[in-house]
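Novice: Right, I'll just put the structure down here and ask away after.
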Amino acid sequence: MAEFLRVLTDNWSLYSQGFTNTVKLFLVAAVGSLVLGTLLGAMRVSPVPALRAFGATYVNVLRNTPLTLVFAFLVFAVPKLDVNIDYLPAAFLALTLYTSAFVCEVVRSGINTVATGQAEAARALGMTFLQVLGSIVLPQALRSMVPPMMSVFIAMLKNTTIAAGFSVLEAGAIPAYMSERGEPQFAVLLWITIGFLILILPLVVLQRFLERKLAVAR
Amino acid sequence: MTVTTGGPLIVLDGVNKWFGPLHVLKDVNLSIERGEVVVVIGPSGSGKSTLCRAINRLEPINSGTIVFDGRPLPAEGRALAQLRSEVGMVFQSFNLFAHKTILENVTIGPVKVRKEKPAVVRERAMQLLDRVGIASQAEKYPAQLSGGQQQRAAIARALAMQPKAMLFDEPTSALDPEMVGEVLDVMTSLAREGMTMVVVTHEMGFARHAANRVIFMADGQLVEDAPPTEFFENPRSDRAKDFLSKILTH
Ligand SMILES: Nc1ncnc2c1ncn2[C@@H]1O[C@H](COP(=O)(O)OP(=O)(O)O)[C@@H](O)[C@H]1O
Ligand SMILES: [Mg+2]
């Protein structure tokens, strides 16, 4: 037990640096994919055929591309086009672009749970597409969106570890450093697991809170 | 108020509508004067709802023209939204916004669409709710009201936009029998006040007392178009006779 604790305390700066970057990646990509994913979801239900087609294509391409490949494109292929992009911003971007496809689908299926008569009544009043979506449909879709959205974000939190393969020092990169230092792998990995469980905890609490809050909203 | 041109308020000219291979509106010609109350009846599936929904372009048509208040219906965008704001619509299933209170349901149109001042709209909304007899329910959510109360709220919501015409698509068909009267009363008083109305309904009492004309539809066509007494006492087509014999024996 003392040995197990020592692994953490002796390597505290590595662990804290790694997990700080994991949290940063997560937060930036969460905000980014929430915004981009909602926009894509709106495109998929919009009355403009070109936007619908763009949204559908985007989702199908990014959802079916392995995340490692999305990273590889941004880290190796994009610089070939004379666009300078650092490892960390590339990781932000890769996670955001990839996760947006999943967020988009959560938004779209949430929209589909709202009775069509709601949007129809709103259109009959003269509301524009964005007013119908923003004031009538999305608020009612929110409740059914919370659980699948949390699953998407928990998956994304774990996906941040792929950045380790692209020179970003986040939690997933810790094992490689630790084996260089000759630390016992089992303890190292257990601490990383504990770290992720601690990070997921606020998400679970947030989900509970949102579900309760949206349940009393009517 | 906006300046209105003379002449009929709603004119349909050679309107055709297909759902895939299904021809649901067949060469429909119809002209509705200002202040006129037109009841549309006909068997299920004859295209009554589609006709109603075509008038505010909730359902786009394939050919022909629809002119509202002297202007052809805009295809899309802000002009279409503007037109819809001038035509009130009441649905069979009420379609009140489930996450808004009754009062919010009535105020949201004028505030969001017309950008009117919330305080002014609120006052008008309360008057409308009072008029349809549910002012005491203003702070409740739709699910807390009876069907009849919800439908009266839906009528108030449409009236809050101060529309030039009102479309009703079987407004009492989803109601328990004891609530039909309270909704028809509101509609009758609207008709008396000179509102232009298109009402799809099988309520023959309403058609007799409040309508200027009855239109009988079958298979996507306007088969008869007559004043109510003439239509009910002396229907010309066999289809109308057959239809009336079925509903009047009930
Ligand atoms: N969105 C739709 N897609 C395909 N067919 C439809 C749609 N809406 C209505 N129809 C069909 O069009 C015909 C006319 O429908 P409708 O106007 O609702 O008739 P009514 O209101 O007189 O019962 C029916 O056969 C119906 O099944
Ligand atoms: Mg119908």
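Letters for chains follow the order of the structure tokens (A, B, ...), residue numbers begin at 1 for each chain, and ligand numbers begin at 1 in the order shown.
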What lies within 10 Å of Leu27 of chain A using only C-alpha atoms, ignoring chain neighbours under 4 positions off, as a tab-separated table (two decimals) with C-alpha atoms, in the first residue's frame?
Specialist:
```tsv
chain	number	residue	atom	x	y	z
A	21	ASN	CA	-3.99	18.59	-20.12
A	22	THR	CA	-6.67	15.89	-20.22
A	23	VAL	CA	-9.11	18.24	-18.51
A	31	VAL	CA	-17.68	23.34	-25.67
A	32	GLY	CA	-16.51	23.16	-29.29
A	33	SER	CA	-18.41	20.00	-30.14
A	92	PHE	CA	-8.43	20.18	-29.67
A	153	PHE	CA	-18.97	13.23	-23.42
A	157	LEU	CA	-13.10	12.11	-22.14
```
Novice: Counting only C-alpha atoms, which residues of chain A sit at most 7 Å from some atom of chain B, and what is each one's closest atom pair with its distance in Å to one decimal, listed by chain and rising residue number, as CSV?
Specialist:
```
residue,atom,partner,partner_atom,distance
A:Gly117,CA,B:Asn95,CA,5.5
A:Gln118,CA,B:Asn95,CA,5.6
A:Ala121,CA,B:Asn95,CA,6.1
A:Ala124,CA,B:Arg84,CA,5.5
A:Leu125,CA,B:Ser85,CA,5.0
A:Gly126,CA,B:Ala81,CA,4.1
A:Met127,CA,B:Val113,CA,5.8
A:Thr128,CA,B:Ala81,CA,6.3
A:Ile136,CA,B:Phe97,CA,7.0
A:Gln140,CA,B:His99,CA,6.6
A:Arg218,CA,B:His99,CA,6.0
```
Novice: Using only C-alpha atoms, determine which residues lie at most 9 Å from Leu30 of chain B, disregarding the query and same-chain residues fewer than 3 positions distant; provide the list as a list in words.
Specialist: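 Listed by chain and then number, they are Ile10, Val11, Leu12, Asp13, Gly14 and Leu222 of chain B.
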Novice: Give me, please, the distance in Å between atom CA of Gln151 of chain B and atom CA of Ala135 of chain B, quoted to one decimal.
Specialist: 13.7 Å
Novice: Which residues sit within 9 Å of ligand 2, counting only C-alpha atoms and all ligand atoms, listed as a VMD selection string?
Specialist: chain B and resid 44 to 50 52 92 169 to 170 200
Novice: For the selection just defined, write its residues with C-alpha atoms to a file, as a CSV table (one decimal), in the first residue's frame.
Specialist:
```csv
chain,number,residue,atom,x,y,z
B,44,SER,CA,-62.2,11.3,-44.2
B,45,GLY,CA,-59.2,11.4,-46.6
B,46,SER,CA,-61.0,13.7,-49.0
B,47,GLY,CA,-58.4,16.4,-48.7
B,48,LYS,CA,-60.0,18.8,-46.2
B,49,SER,CA,-57.0,19.2,-44.0
B,50,THR,CA,-54.7,19.5,-47.0
B,52,CYS,CA,-56.8,24.1,-45.0
B,92,GLN,CA,-57.5,19.1,-34.1
B,169,ASP,CA,-59.1,21.9,-38.9
B,170,GLU,CA,-61.6,19.7,-37.0
B,200,VAL,CA,-63.3,21.9,-41.3
```
Novice: I need the residues in segment 59-120 of chain B that are strand (DSSP E) according to DSSP; give them as a PyMOL selection string.
Specialist: chain B and resi 63-68+71-72+87-90
